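So the structure is just underneath, and the comments pick up after that.
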Amino acid sequence: MTTLESKAKELLALHRPGNPVVLPTVWDAWSANLAVAAGFSALTLGSHPVADSIGRSDNEGMTFAELLTRVRQITDAVDVPISVDIEAGYGLEPAQLIEGLLDVGAVGLNIEDTVHSEGGRLRGDQEHADFVHGLREFADAAGVHVVVNARTDLFLRQVGDEADRMDRAIARLTLAASAGADVLYPVGRHSDADMRRLTSELPLPVNAIGLPDKSDRAELAAQGVARISFGPYLQFALATEANRLLDRWK
């Protein structure tokens, strides 16, 4: 586990508010090699692009075993820290998730609060924090400080009244921080003012989603962001370019 622990520490150290690490979201060995060759020192796997790449749907349309197969292919291909979007956990317990990730060489994870295996319900604030705590507990027991990125879908799904949604998201993510998260992910597209409030009021580094062909790293850095990932948008941008090339040959 020594190498995994060193990679986990390396990944965590990259999260610097105001000087964000960019973790290109990849889905297979080809895209991982492409990103590493371009100079990126750590990567994340997104559930949506991975699912697309194997003919499954997002929102846990693939199994955890299928995801781990793809993670192993990537960790065999590149020697950089890898974080994995595990959606809501595929109906598994934290111990099973940590064991599976470490077994295939991953040292970070995203955990969201939409429980796809239970009809898409949203975990309660404390329930989500308890799940984060379980992940931290079993990672620590394994001797690897897996970097836990706690995500909330309150903004993405527009849950509840908009008037107090920001307050509720901050409260929810603050509980996750107390439970052992390392990074907080209020997924969605935010105004400059809202992102600045999130990064100033949340107690841990904040992950923001970036559009690889439109967003600006300097702008996100000025907002206090510590981590930028692409979700499915790198894959979407490449698909647009591939369609442009293919259209020339119709």
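Identifiers in the structure tokens: chain A, B, ... in order shown; residue index from 1 per chain; ligand index from 1 in order shown.
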* To do: Determine, counting only C-alpha atoms, which protein, DNA and RNA residues have an atom within 10 Å of an atom of stretch 54-58 of chain A; residues of the same chain fewer than 3 positions away are not included. Present the result as a list in words.
  =>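 Final neighbour list, sorted by chain and number: Trp27, Asp28, Gly46, Ser47, His48, Pro49, Val50, Ala51, Gly61, Met62, Thr63, Glu66, Leu67, Arg70, Glu87 and His116 of chain A.
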Create the file for the chosen residues now, containing all heavy atoms and written as a compact mmCIF listing (two decimals), in the first residue's frame.
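See again09.txt below for the written result:
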# COMPACT_ATOMS: atom_id res chain seq x y z
N TRP A 27 -11.97 8.24 -19.45
CA TRP A 27 -12.89 7.10 -19.44
C TRP A 27 -12.25 5.80 -19.89
O TRP A 27 -12.85 4.74 -19.75
CB TRP A 27 -14.11 7.40 -20.32
CG TRP A 27 -13.74 7.82 -21.71
CD1 TRP A 27 -13.58 7.02 -22.81
CD2 TRP A 27 -13.48 9.17 -22.15
NE1 TRP A 27 -13.22 7.77 -23.90
CE2 TRP A 27 -13.16 9.10 -23.53
CE3 TRP A 27 -13.48 10.41 -21.52
CZ2 TRP A 27 -12.84 10.23 -24.28
CZ3 TRP A 27 -13.16 11.53 -22.26
CH2 TRP A 27 -12.86 11.44 -23.63
N ASP A 28 -11.04 5.84 -20.45
CA ASP A 28 -10.37 4.61 -20.87
C ASP A 28 -8.87 4.87 -20.93
O ASP A 28 -8.40 5.98 -20.66
CB ASP A 28 -10.91 4.11 -22.21
CG ASP A 28 -10.71 5.10 -23.36
OD1 ASP A 28 -10.02 6.15 -23.17
OD2 ASP A 28 -11.24 4.85 -24.46
N GLY A 46 -14.94 9.87 -14.85
CA GLY A 46 -16.33 10.28 -14.68
C GLY A 46 -17.27 9.13 -14.99
O GLY A 46 -17.06 8.39 -15.95
N SER A 47 -18.30 8.99 -14.19
CA SER A 47 -19.23 7.88 -14.38
C SER A 47 -19.94 7.98 -15.73
O SER A 47 -20.13 6.95 -16.41
CB SER A 47 -20.26 7.84 -13.26
OG SER A 47 -21.07 9.01 -13.26
N HIS A 48 -20.31 9.19 -16.12
CA HIS A 48 -21.04 9.35 -17.38
C HIS A 48 -20.19 8.93 -18.59
O HIS A 48 -20.63 8.09 -19.39
CB HIS A 48 -21.51 10.80 -17.51
CG HIS A 48 -22.49 11.04 -18.62
ND1 HIS A 48 -23.45 12.02 -18.58
CD2 HIS A 48 -22.63 10.45 -19.84
CE1 HIS A 48 -24.15 12.01 -19.70
NE2 HIS A 48 -23.67 11.07 -20.48
N PRO A 49 -18.97 9.48 -18.74
CA PRO A 49 -18.17 9.05 -19.90
C PRO A 49 -17.76 7.58 -19.85
O PRO A 49 -17.69 6.92 -20.90
CB PRO A 49 -16.96 9.98 -19.87
CG PRO A 49 -16.94 10.61 -18.54
CD PRO A 49 -18.33 10.61 -18.03
N VAL A 50 -17.48 7.04 -18.65
CA VAL A 50 -17.14 5.62 -18.58
C VAL A 50 -18.33 4.78 -19.01
O VAL A 50 -18.20 3.84 -19.80
CB VAL A 50 -16.67 5.23 -17.16
CG1 VAL A 50 -16.52 3.71 -17.05
CG2 VAL A 50 -15.35 5.90 -16.81
N ALA A 51 -19.51 5.11 -18.49
CA ALA A 51 -20.71 4.36 -18.86
C ALA A 51 -20.94 4.42 -20.37
O ALA A 51 -21.23 3.40 -21.02
CB ALA A 51 -21.92 4.89 -18.10
N GLY A 61 -26.13 2.87 -14.36
CA GLY A 61 -26.53 1.89 -15.37
C GLY A 61 -25.46 0.83 -15.58
O GLY A 61 -25.73 -0.23 -16.15
N MET A 62 -24.23 1.11 -15.15
CA MET A 62 -23.18 0.08 -15.14
C MET A 62 -23.00 -0.41 -13.70
O MET A 62 -23.45 0.22 -12.75
CB MET A 62 -21.87 0.63 -15.68
CG MET A 62 -21.25 1.74 -14.86
SD MET A 62 -19.70 2.35 -15.59
CE MET A 62 -19.51 3.89 -14.66
N THR A 63 -22.34 -1.52 -13.56
CA THR A 63 -22.09 -2.07 -12.22
C THR A 63 -20.75 -1.56 -11.70
O THR A 63 -19.90 -1.07 -12.46
CB THR A 63 -22.05 -3.60 -12.25
OG1 THR A 63 -20.91 -4.02 -13.03
CG2 THR A 63 -23.33 -4.17 -12.87
N GLU A 66 -17.99 -3.42 -13.38
CA GLU A 66 -17.65 -2.91 -14.72
C GLU A 66 -16.79 -1.64 -14.61
O GLU A 66 -15.83 -1.47 -15.38
CB GLU A 66 -18.93 -2.61 -15.50
CG GLU A 66 -19.65 -3.86 -15.95
CD GLU A 66 -20.98 -3.57 -16.61
OE1 GLU A 66 -21.70 -2.65 -16.16
OE2 GLU A 66 -21.32 -4.27 -17.59
N LEU A 67 -17.13 -0.79 -13.67
CA LEU A 67 -16.32 0.42 -13.45
C LEU A 67 -14.90 0.05 -13.05
O LEU A 67 -13.93 0.62 -13.56
CB LEU A 67 -16.98 1.29 -12.38
CG LEU A 67 -16.21 2.54 -11.94
CD1 LEU A 67 -15.99 3.50 -13.10
CD2 LEU A 67 -16.93 3.23 -10.78
N ARG A 70 -12.59 -0.97 -15.83
CA ARG A 70 -12.06 0.15 -16.59
C ARG A 70 -10.99 0.90 -15.78
O ARG A 70 -9.97 1.33 -16.34
CB ARG A 70 -13.20 1.09 -16.99
CG ARG A 70 -12.82 2.25 -17.90
CD ARG A 70 -11.99 1.83 -19.10
NE ARG A 70 -12.61 0.86 -19.96
CZ ARG A 70 -13.39 1.16 -20.99
NH1 ARG A 70 -13.66 2.40 -21.29
NH2 ARG A 70 -13.87 0.20 -21.75
N GLU A 87 -20.42 7.46 -8.24
CA GLU A 87 -21.83 7.83 -8.16
C GLU A 87 -22.28 7.81 -6.69
O GLU A 87 -21.64 8.41 -5.85
CB GLU A 87 -22.65 6.95 -9.09
CG GLU A 87 -22.11 7.01 -10.54
CD GLU A 87 -23.06 6.49 -11.57
OE1 GLU A 87 -24.14 7.09 -11.74
OE2 GLU A 87 -22.72 5.47 -12.21
N HIS A 116 -29.21 6.41 -6.73
CA HIS A 116 -29.82 5.90 -7.95
C HIS A 116 -30.44 4.53 -7.75
O HIS A 116 -31.45 4.21 -8.38
CB HIS A 116 -28.78 5.86 -9.07
CG HIS A 116 -28.13 7.18 -9.32
ND1 HIS A 116 -28.78 8.23 -9.90
CD2 HIS A 116 -26.88 7.63 -9.03
CE1 HIS A 116 -27.97 9.27 -9.98
NE2 HIS A 116 -26.80 8.93 -9.45
At a cut-off of 8 Å, can you tabulate as a tab-separated table every residue of stretch 2-46 of chain A near stretch 73-83 of chain A together with its closest atom pair and the distance in Å to one decimal, using only C-alpha atoms and ordering rows by chain then number?
residue	atom	partner	partner_atom	distance
A:Lys7	CA	A:Pro81	CA	5.3
A:Ala8	CA	A:Pro81	CA	6.8
A:Glu10	CA	A:Pro81	CA	7.4
A:Leu11	CA	A:Pro81	CA	6.0
A:Asp28	CA	A:Ile74	CA	6.1
A:Ala29	CA	A:Ile74	CA	4.7
A:Ala32	CA	A:Ile74	CA	6.6
A:Asn33	CA	A:Val78	CA	6.5
A:Val36	CA	A:Val78	CA	7.4
A:Ser41	CA	A:Val80	CA	6.0
A:Ala42	CA	A:Pro81	CA	4.9
A:Leu43	CA	A:Ile82	CA	5.1
A:Thr44	CA	A:Ser83	CA	4.5
A:Leu45	CA	A:Ser83	CA	6.3
Print the selection's residues with all heavy atoms to a file, as an mmCIF file, in the first residue's frame.
data_model
loop_
_atom_site.group_PDB
_atom_site.id
_atom_site.type_symbol
_atom_site.label_atom_id
_atom_site.label_comp_id
_atom_site.auth_asym_id
_atom_site.auth_seq_id
_atom_site.Cartn_x
_atom_site.Cartn_y
_atom_site.Cartn_z
ATOM 1 N N LYS A 7 0.633 8.129 -3.549
ATOM 2 C CA LYS A 7 -0.181 8.731 -4.601
ATOM 3 C C LYS A 7 -1.372 9.480 -4.014
ATOM 4 O O LYS A 7 -1.758 10.543 -4.516
ATOM 5 C CB LYS A 7 -0.660 7.663 -5.585
ATOM 6 C CG LYS A 7 0.411 7.191 -6.552
ATOM 7 C CD LYS A 7 -0.151 6.226 -7.572
ATOM 8 C CE LYS A 7 0.923 5.844 -8.603
ATOM 9 N NZ LYS A 7 0.424 4.869 -9.576
ATOM 10 N N ALA A 8 -1.972 8.932 -2.950
ATOM 11 C CA ALA A 8 -3.089 9.614 -2.296
ATOM 12 C C ALA A 8 -2.636 10.947 -1.717
ATOM 13 O O ALA A 8 -3.318 11.972 -1.862
ATOM 14 C CB ALA A 8 -3.680 8.717 -1.212
ATOM 15 N N GLU A 10 -0.091 12.690 -2.730
ATOM 16 C CA GLU A 10 0.223 13.555 -3.871
ATOM 17 C C GLU A 10 -1.043 14.193 -4.425
ATOM 18 O O GLU A 10 -1.070 15.403 -4.720
ATOM 19 C CB GLU A 10 0.916 12.720 -4.952
ATOM 20 C CG GLU A 10 1.302 13.481 -6.198
ATOM 21 C CD GLU A 10 1.921 12.569 -7.252
ATOM 22 O OE1 GLU A 10 2.272 11.420 -6.931
ATOM 23 O OE2 GLU A 10 2.039 13.025 -8.405
ATOM 24 N N LEU A 11 -2.104 13.393 -4.559
ATOM 25 C CA LEU A 11 -3.371 13.913 -5.069
ATOM 26 C C LEU A 11 -3.934 14.985 -4.144
ATOM 27 O O LEU A 11 -4.345 16.061 -4.595
ATOM 28 C CB LEU A 11 -4.377 12.772 -5.231
ATOM 29 C CG LEU A 11 -5.778 13.170 -5.705
ATOM 30 C CD1 LEU A 11 -5.732 13.833 -7.079
ATOM 31 C CD2 LEU A 11 -6.695 11.943 -5.721
ATOM 32 N N ASP A 28 -11.041 5.844 -20.450
ATOM 33 C CA ASP A 28 -10.375 4.611 -20.869
ATOM 34 C C ASP A 28 -8.872 4.868 -20.928
ATOM 35 O O ASP A 28 -8.401 5.978 -20.657
ATOM 36 C CB ASP A 28 -10.910 4.110 -22.214
ATOM 37 C CG ASP A 28 -10.713 5.100 -23.361
ATOM 38 O OD1 ASP A 28 -10.025 6.147 -23.166
ATOM 39 O OD2 ASP A 28 -11.236 4.848 -24.460
ATOM 40 N N ALA A 29 -8.120 3.827 -21.260
ATOM 41 C CA ALA A 29 -6.666 3.960 -21.292
ATOM 42 C C ALA A 29 -6.221 4.963 -22.346
ATOM 43 O O ALA A 29 -5.255 5.705 -22.143
ATOM 44 C CB ALA A 29 -6.025 2.592 -21.550
ATOM 45 N N ALA A 32 -6.779 8.466 -20.990
ATOM 46 C CA ALA A 32 -5.849 8.673 -19.880
ATOM 47 C C ALA A 32 -4.442 8.940 -20.398
ATOM 48 O O ALA A 32 -3.755 9.863 -19.937
ATOM 49 C CB ALA A 32 -5.858 7.464 -18.951
ATOM 50 N N ASN A 33 -3.996 8.148 -21.341
ATOM 51 C CA ASN A 33 -2.673 8.364 -21.932
ATOM 52 C C ASN A 33 -2.593 9.714 -22.627
ATOM 53 O O ASN A 33 -1.562 10.401 -22.565
ATOM 54 C CB ASN A 33 -2.362 7.241 -22.923
ATOM 55 C CG ASN A 33 -1.776 6.017 -22.259
ATOM 56 O OD1 ASN A 33 -0.866 6.115 -21.437
ATOM 57 N ND2 ASN A 33 -2.310 4.846 -22.588
ATOM 58 N N VAL A 36 -2.191 12.405 -19.827
ATOM 59 C CA VAL A 36 -0.869 12.358 -19.196
ATOM 60 C C VAL A 36 0.198 12.857 -20.163
ATOM 61 O O VAL A 36 1.106 13.621 -19.781
ATOM 62 C CB VAL A 36 -0.562 10.933 -18.690
ATOM 63 C CG1 VAL A 36 0.892 10.828 -18.233
ATOM 64 C CG2 VAL A 36 -1.496 10.574 -17.541
ATOM 65 N N SER A 41 -0.892 15.753 -14.219
ATOM 66 C CA SER A 41 -0.238 14.897 -13.226
ATOM 67 C C SER A 41 -1.192 14.054 -12.401
ATOM 68 O O SER A 41 -0.757 13.288 -11.534
ATOM 69 C CB SER A 41 0.604 15.760 -12.279
ATOM 70 O OG SER A 41 -0.203 16.748 -11.664
ATOM 71 N N ALA A 42 -2.484 14.167 -12.631
ATOM 72 C CA ALA A 42 -3.480 13.333 -11.962
ATOM 73 C C ALA A 42 -4.748 13.375 -12.806
ATOM 74 O O ALA A 42 -4.963 14.312 -13.584
ATOM 75 C CB ALA A 42 -3.761 13.822 -10.544
ATOM 76 N N LEU A 43 -5.578 12.358 -12.655
ATOM 77 C CA LEU A 43 -6.772 12.234 -13.491
ATOM 78 C C LEU A 43 -7.965 11.834 -12.644
ATOM 79 O O LEU A 43 -7.820 11.297 -11.543
ATOM 80 C CB LEU A 43 -6.561 11.165 -14.571
ATOM 81 C CG LEU A 43 -5.335 11.278 -15.472
ATOM 82 C CD1 LEU A 43 -5.210 10.032 -16.348
ATOM 83 C CD2 LEU A 43 -5.417 12.535 -16.329
ATOM 84 N N THR A 44 -9.155 12.069 -13.195
ATOM 85 C CA THR A 44 -10.364 11.541 -12.584
ATOM 86 C C THR A 44 -11.183 10.814 -13.640
ATOM 87 O O THR A 44 -11.149 11.176 -14.817
ATOM 88 C CB THR A 44 -11.189 12.652 -11.915
ATOM 89 O OG1 THR A 44 -12.279 12.080 -11.200
ATOM 90 C CG2 THR A 44 -11.715 13.644 -12.923
ATOM 91 N N LEU A 45 -11.865 9.760 -13.221
ATOM 92 C CA LEU A 45 -12.781 9.040 -14.104
ATOM 93 C C LEU A 45 -14.195 9.516 -13.807
ATOM 94 O O LEU A 45 -14.612 9.554 -12.649
ATOM 95 C CB LEU A 45 -12.729 7.525 -13.866
ATOM 96 C CG LEU A 45 -11.667 6.728 -14.613
ATOM 97 C CD1 LEU A 45 -10.305 6.984 -14.007
ATOM 98 C CD2 LEU A 45 -12.006 5.246 -14.574
#
* Asked: Where in stretch 3-222 of chain A does DSSP assign helix (DSSP H, G or I), given as number ranges by chain?
  -> A: 3-13, 29-37, 47-53, 64-77, 94-103, 116-118, 125-142, 162-178, 192-201, 217-222
If you count only C-alpha atoms, which residues fall within 7 Å of stretch 126-135 of chain A, apart from same-chain ones fewer than 3 positions away, as a PDB file with C-alpha atoms, in the first residue's frame?
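The resulting file, out.pdb, is reproduced below:
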ATOM      1  CA  PRO A  94     -18.316   1.847   2.189  1.00  0.00           C
ATOM      2  CA  ALA A  95     -15.995  -1.051   3.035  1.00  0.00           C
ATOM      3  CA  ILE A  98     -12.873   1.236  -0.602  1.00  0.00           C
ATOM      4  CA  ASP A 113     -25.988  12.158  -2.561  1.00  0.00           C
ATOM      5  CA  ARG A 123     -29.737  11.241   0.982  1.00  0.00           C
ATOM      6  CA  PHE A 138     -12.397   2.070   5.989  1.00  0.00           C
ATOM      7  CA  ALA A 139      -9.792   3.931   3.925  1.00  0.00           C
ATOM      8  CA  LEU A 175     -21.380  18.149   7.633  1.00  0.00           C
ATOM      9  CA  ALA A 176     -19.575  16.036   5.026  1.00  0.00           C
ATOM     10  CA  ALA A 179     -17.326  13.484   8.610  1.00  0.00           C
ATOM     11  CA  GLY A 180     -13.981  13.117   6.850  1.00  0.00           C
ATOM     12  CA  ALA A 181     -14.247  14.519   3.337  1.00  0.00           C
TER      13      ALA A 181
END
* Residue nearest A:Thr152 among A:Glu60, A:Asp125, A:Glu137, A:Asp167 (counting only C-alpha atoms) ->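 The answer is A:Asp125, which sits nearest to A:Thr152.
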* To do: Pick out the residues sitting within 8 Å of A:His145, and hand them over as a list of chain:residue names; count only C-alpha atoms, and ignore anything fewer than 3 positions along from it in its own chain.
  =>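 Close residues of A:His145: A:Glu5, A:Ala8, A:Lys9, A:Val107, A:Arg136, A:Ala139, A:Asp140.
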How would the residues just chosen look if you wrote them out with all heavy atoms as a JSON list (two decimals), in the first residue's frame?
[["chain", "number", "residue", "atom", "x", "y", "z"],
["A", 5, "GLU", "N", -0.49, 4.95, -0.95],
["A", 5, "GLU", "CA", -0.54, 6.01, 0.04],
["A", 5, "GLU", "C", 0.21, 7.25, -0.45],
["A", 5, "GLU", "O", -0.24, 8.39, -0.27],
["A", 5, "GLU", "CB", 0.03, 5.53, 1.37],
["A", 5, "GLU", "CG", 0.17, 6.61, 2.45],
["A", 5, "GLU", "CD", -1.14, 7.27, 2.86],
["A", 5, "GLU", "OE1", -2.22, 6.90, 2.35],
["A", 5, "GLU", "OE2", -1.09, 8.19, 3.70],
["A", 8, "ALA", "N", -1.97, 8.93, -2.95],
["A", 8, "ALA", "CA", -3.09, 9.61, -2.30],
["A", 8, "ALA", "C", -2.64, 10.95, -1.72],
["A", 8, "ALA", "O", -3.32, 11.97, -1.86],
["A", 8, "ALA", "CB", -3.68, 8.72, -1.21],
["A", 9, "LYS", "N", -1.47, 10.96, -1.07],
["A", 9, "LYS", "CA", -0.94, 12.21, -0.51],
["A", 9, "LYS", "C", -0.62, 13.20, -1.63],
["A", 9, "LYS", "O", -0.84, 14.41, -1.49],
["A", 9, "LYS", "CB", 0.31, 11.91, 0.32],
["A", 9, "LYS", "CG", 0.02, 11.17, 1.62],
["A", 9, "LYS", "CD", 1.30, 10.89, 2.38],
["A", 9, "LYS", "CE", 1.01, 10.20, 3.71],
["A", 9, "LYS", "NZ", 2.26, 9.85, 4.44],
["A", 107, "VAL", "N", -6.91, 6.13, -5.86],
["A", 107, "VAL", "CA", -6.59, 6.75, -4.57],
["A", 107, "VAL", "C", -7.51, 7.92, -4.24],
["A", 107, "VAL", "O", -7.28, 8.68, -3.31],
["A", 107, "VAL", "CB", -5.12, 7.22, -4.51],
["A", 107, "VAL", "CG1", -4.18, 6.03, -4.58],
["A", 107, "VAL", "CG2", -4.82, 8.22, -5.63],
["A", 136, "ARG", "N", -14.24, 7.19, 4.85],
["A", 136, "ARG", "CA", -13.01, 7.63, 5.51],
["A", 136, "ARG", "C", -12.52, 6.56, 6.50],
["A", 136, "ARG", "O", -11.32, 6.26, 6.55],
["A", 136, "ARG", "CB", -13.26, 8.96, 6.23],
["A", 136, "ARG", "CG", -12.16, 9.42, 7.17],
["A", 136, "ARG", "CD", -10.81, 9.60, 6.49],
["A", 136, "ARG", "NE", -10.92, 10.54, 5.41],
["A", 136, "ARG", "CZ", -10.40, 10.33, 4.19],
["A", 136, "ARG", "NH1", -9.73, 9.22, 3.92],
["A", 136, "ARG", "NH2", -10.52, 11.23, 3.24],
["A", 139, "ALA", "N", -11.04, 3.56, 4.59],
["A", 139, "ALA", "CA", -9.79, 3.93, 3.93],
["A", 139, "ALA", "C", -8.66, 4.04, 4.94],
["A", 139, "ALA", "O", -7.56, 3.54, 4.71],
["A", 139, "ALA", "CB", -9.98, 5.24, 3.18],
["A", 140, "ASP", "N", -8.94, 4.70, 6.06],
["A", 140, "ASP", "CA", -7.91, 4.83, 7.10],
["A", 140, "ASP", "C", -7.49, 3.46, 7.62],
["A", 140, "ASP", "O", -6.31, 3.23, 7.89],
["A", 140, "ASP", "CB", -8.44, 5.70, 8.25],
["A", 140, "ASP", "CG", -8.53, 7.17, 7.88],
["A", 140, "ASP", "OD1", -8.00, 7.55, 6.81],
["A", 140, "ASP", "OD2", -9.12, 7.94, 8.66]]
* Taking the backbone alone, and naming residues the way the document does, which bits of stretch 121-185 of chain A are strand (DSSP E) by DSSP, as number ranges by chain? -> A: 121-122, 147-152, 183-185
Residue selection dump (all heavy atoms) as a PDB file, in the first residue's frame:
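Done, and the output landed in again39.pdb:
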ATOM      1  N   ARG A 121     -33.644   8.977  -4.943  1.00  0.00           N
ATOM      2  CA  ARG A 121     -33.898   9.830  -3.776  1.00  0.00           C
ATOM      3  C   ARG A 121     -32.604  10.529  -3.352  1.00  0.00           C
ATOM      4  O   ARG A 121     -31.497  10.068  -3.655  1.00  0.00           O
ATOM      5  CB  ARG A 121     -34.454   9.015  -2.610  1.00  0.00           C
ATOM      6  CG  ARG A 121     -33.435   8.100  -1.933  1.00  0.00           C
ATOM      7  CD  ARG A 121     -34.016   7.435  -0.693  1.00  0.00           C
ATOM      8  NE  ARG A 121     -33.009   6.607  -0.009  1.00  0.00           N
ATOM      9  CZ  ARG A 121     -32.160   7.090   0.891  1.00  0.00           C
ATOM     10  NH1 ARG A 121     -32.185   8.368   1.229  1.00  0.00           N
ATOM     11  NH2 ARG A 121     -31.274   6.287   1.471  1.00  0.00           N
ATOM     12  N   LEU A 122     -32.736  11.627  -2.638  1.00  0.00           N
ATOM     13  CA  LEU A 122     -31.583  12.350  -2.129  1.00  0.00           C
ATOM     14  C   LEU A 122     -31.319  11.921  -0.686  1.00  0.00           C
ATOM     15  O   LEU A 122     -32.243  11.899   0.137  1.00  0.00           O
ATOM     16  CB  LEU A 122     -31.840  13.863  -2.182  1.00  0.00           C
ATOM     17  CG  LEU A 122     -30.613  14.763  -2.139  1.00  0.00           C
ATOM     18  CD1 LEU A 122     -29.868  14.703  -3.463  1.00  0.00           C
ATOM     19  CD2 LEU A 122     -31.010  16.204  -1.826  1.00  0.00           C
ATOM     20  N   VAL A 147      -8.602  10.171  -1.141  1.00  0.00           N
ATOM     21  CA  VAL A 147      -9.100  11.543  -1.202  1.00  0.00           C
ATOM     22  C   VAL A 147     -10.602  11.498  -1.515  1.00  0.00           C
ATOM     23  O   VAL A 147     -11.008  11.140  -2.619  1.00  0.00           O
ATOM     24  CB  VAL A 147      -8.344  12.361  -2.267  1.00  0.00           C
ATOM     25  CG1 VAL A 147      -8.920  13.782  -2.357  1.00  0.00           C
ATOM     26  CG2 VAL A 147      -6.856  12.406  -1.932  1.00  0.00           C
ATOM     27  N   VAL A 148     -11.399  11.859  -0.516  1.00  0.00           N
ATOM     28  CA  VAL A 148     -12.855  11.785  -0.632  1.00  0.00           C
ATOM     29  C   VAL A 148     -13.411  13.137  -1.064  1.00  0.00           C
ATOM     30  O   VAL A 148     -13.262  14.130  -0.352  1.00  0.00           O
ATOM     31  CB  VAL A 148     -13.488  11.346   0.705  1.00  0.00           C
ATOM     32  CG1 VAL A 148     -15.012  11.393   0.608  1.00  0.00           C
ATOM     33  CG2 VAL A 148     -13.016   9.947   1.085  1.00  0.00           C
ATOM     34  N   ASN A 149     -14.030  13.157  -2.232  1.00  0.00           N
ATOM     35  CA  ASN A 149     -14.658  14.345  -2.796  1.00  0.00           C
ATOM     36  C   ASN A 149     -16.164  14.194  -2.594  1.00  0.00           C
ATOM     37  O   ASN A 149     -16.820  13.436  -3.302  1.00  0.00           O
ATOM     38  CB  ASN A 149     -14.301  14.463  -4.275  1.00  0.00           C
ATOM     39  CG  ASN A 149     -14.758  15.769  -4.898  1.00  0.00           C
ATOM     40  OD1 ASN A 149     -15.094  16.722  -4.211  1.00  0.00           O
ATOM     41  ND2 ASN A 149     -14.763  15.814  -6.224  1.00  0.00           N
ATOM     42  N   ALA A 150     -16.719  14.901  -1.609  1.00  0.00           N
ATOM     43  CA  ALA A 150     -18.140  14.775  -1.271  1.00  0.00           C
ATOM     44  C   ALA A 150     -18.955  15.721  -2.137  1.00  0.00           C
ATOM     45  O   ALA A 150     -18.756  16.933  -2.112  1.00  0.00           O
ATOM     46  CB  ALA A 150     -18.363  15.077   0.203  1.00  0.00           C
ATOM     47  N   ARG A 151     -19.869  15.164  -2.874  1.00  0.00           N
ATOM     48  CA  ARG A 151     -20.667  15.923  -3.834  1.00  0.00           C
ATOM     49  C   ARG A 151     -22.103  16.063  -3.344  1.00  0.00           C
ATOM     50  O   ARG A 151     -22.645  15.155  -2.715  1.00  0.00           O
ATOM     51  CB  ARG A 151     -20.637  15.190  -5.184  1.00  0.00           C
ATOM     52  CG  ARG A 151     -21.664  15.672  -6.196  1.00  0.00           C
ATOM     53  CD  ARG A 151     -21.494  14.961  -7.523  1.00  0.00           C
ATOM     54  NE  ARG A 151     -22.760  14.848  -8.230  1.00  0.00           N
ATOM     55  CZ  ARG A 151     -22.889  14.461  -9.488  1.00  0.00           C
ATOM     56  NH1 ARG A 151     -21.821  14.149 -10.204  1.00  0.00           N
ATOM     57  NH2 ARG A 151     -24.084  14.369 -10.050  1.00  0.00           N
ATOM     58  N   THR A 152     -22.707  17.206  -3.650  1.00  0.00           N
ATOM     59  CA  THR A 152     -24.149  17.348  -3.473  1.00  0.00           C
ATOM     60  C   THR A 152     -24.793  17.738  -4.791  1.00  0.00           C
ATOM     61  O   THR A 152     -24.231  18.515  -5.576  1.00  0.00           O
ATOM     62  CB  THR A 152     -24.518  18.371  -2.386  1.00  0.00           C
ATOM     63  OG1 THR A 152     -25.946  18.377  -2.236  1.00  0.00           O
ATOM     64  CG2 THR A 152     -24.033  19.773  -2.721  1.00  0.00           C
ATOM     65  N   VAL A 183     -12.473  17.134   0.011  1.00  0.00           N
ATOM     66  CA  VAL A 183     -12.844  18.098  -1.023  1.00  0.00           C
ATOM     67  C   VAL A 183     -14.367  18.138  -1.062  1.00  0.00           C
ATOM     68  O   VAL A 183     -15.028  17.137  -0.772  1.00  0.00           O
ATOM     69  CB  VAL A 183     -12.304  17.679  -2.407  1.00  0.00           C
ATOM     70  CG1 VAL A 183     -12.498  18.778  -3.439  1.00  0.00           C
ATOM     71  CG2 VAL A 183     -10.845  17.270  -2.335  1.00  0.00           C
ATOM     72  N   LEU A 184     -14.929  19.291  -1.422  1.00  0.00           N
ATOM     73  CA  LEU A 184     -16.378  19.447  -1.475  1.00  0.00           C
ATOM     74  C   LEU A 184     -16.793  19.858  -2.882  1.00  0.00           C
ATOM     75  O   LEU A 184     -16.163  20.725  -3.490  1.00  0.00           O
ATOM     76  CB  LEU A 184     -16.829  20.486  -0.444  1.00  0.00           C
ATOM     77  CG  LEU A 184     -16.408  20.165   0.999  1.00  0.00           C
ATOM     78  CD1 LEU A 184     -16.756  21.314   1.929  1.00  0.00           C
ATOM     79  CD2 LEU A 184     -17.029  18.853   1.491  1.00  0.00           C
ATOM     80  N   TYR A 185     -17.872  19.250  -3.371  1.00  0.00           N
ATOM     81  CA  TYR A 185     -18.247  19.403  -4.775  1.00  0.00           C
ATOM     82  C   TYR A 185     -19.724  19.801  -4.897  1.00  0.00           C
ATOM     83  O   TYR A 185     -20.599  18.942  -4.991  1.00  0.00           O
ATOM     84  CB  TYR A 185     -17.984  18.086  -5.493  1.00  0.00           C
ATOM     85  CG  TYR A 185     -18.084  18.117  -7.006  1.00  0.00           C
ATOM     86  CD1 TYR A 185     -18.179  19.304  -7.725  1.00  0.00           C
ATOM     87  CD2 TYR A 185     -18.069  16.921  -7.715  1.00  0.00           C
ATOM     88  CE1 TYR A 185     -18.256  19.307  -9.102  1.00  0.00           C
ATOM     89  CE2 TYR A 185     -18.147  16.905  -9.109  1.00  0.00           C
ATOM     90  CZ  TYR A 185     -18.245  18.102  -9.789  1.00  0.00           C
ATOM     91  OH  TYR A 185     -18.327  18.095 -11.151  1.00  0.00           O
TER      92      TYR A 185
END
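Considering the residues A:Asp216, A:Glu99, A:Asp192, A:Glu201 and counting only C-alpha atoms, A:Ile228 has its shortest atom-to-atom contact with A:Asp216.
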* Interatomic distance (Å, one decimal) between atom CA of A:Asp194 and atom CA of A:Val146 -> 28.5 Å
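Here atom CA of A:Arg157 stands at a distance of 28.5 Å from atom CA of A:Asn19.
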* Expressed in Å to a single decimal, how great is the separation between atom CA of A:Gly143 and atom CA of A:Leu101? ->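 The value is 13.3 Å.
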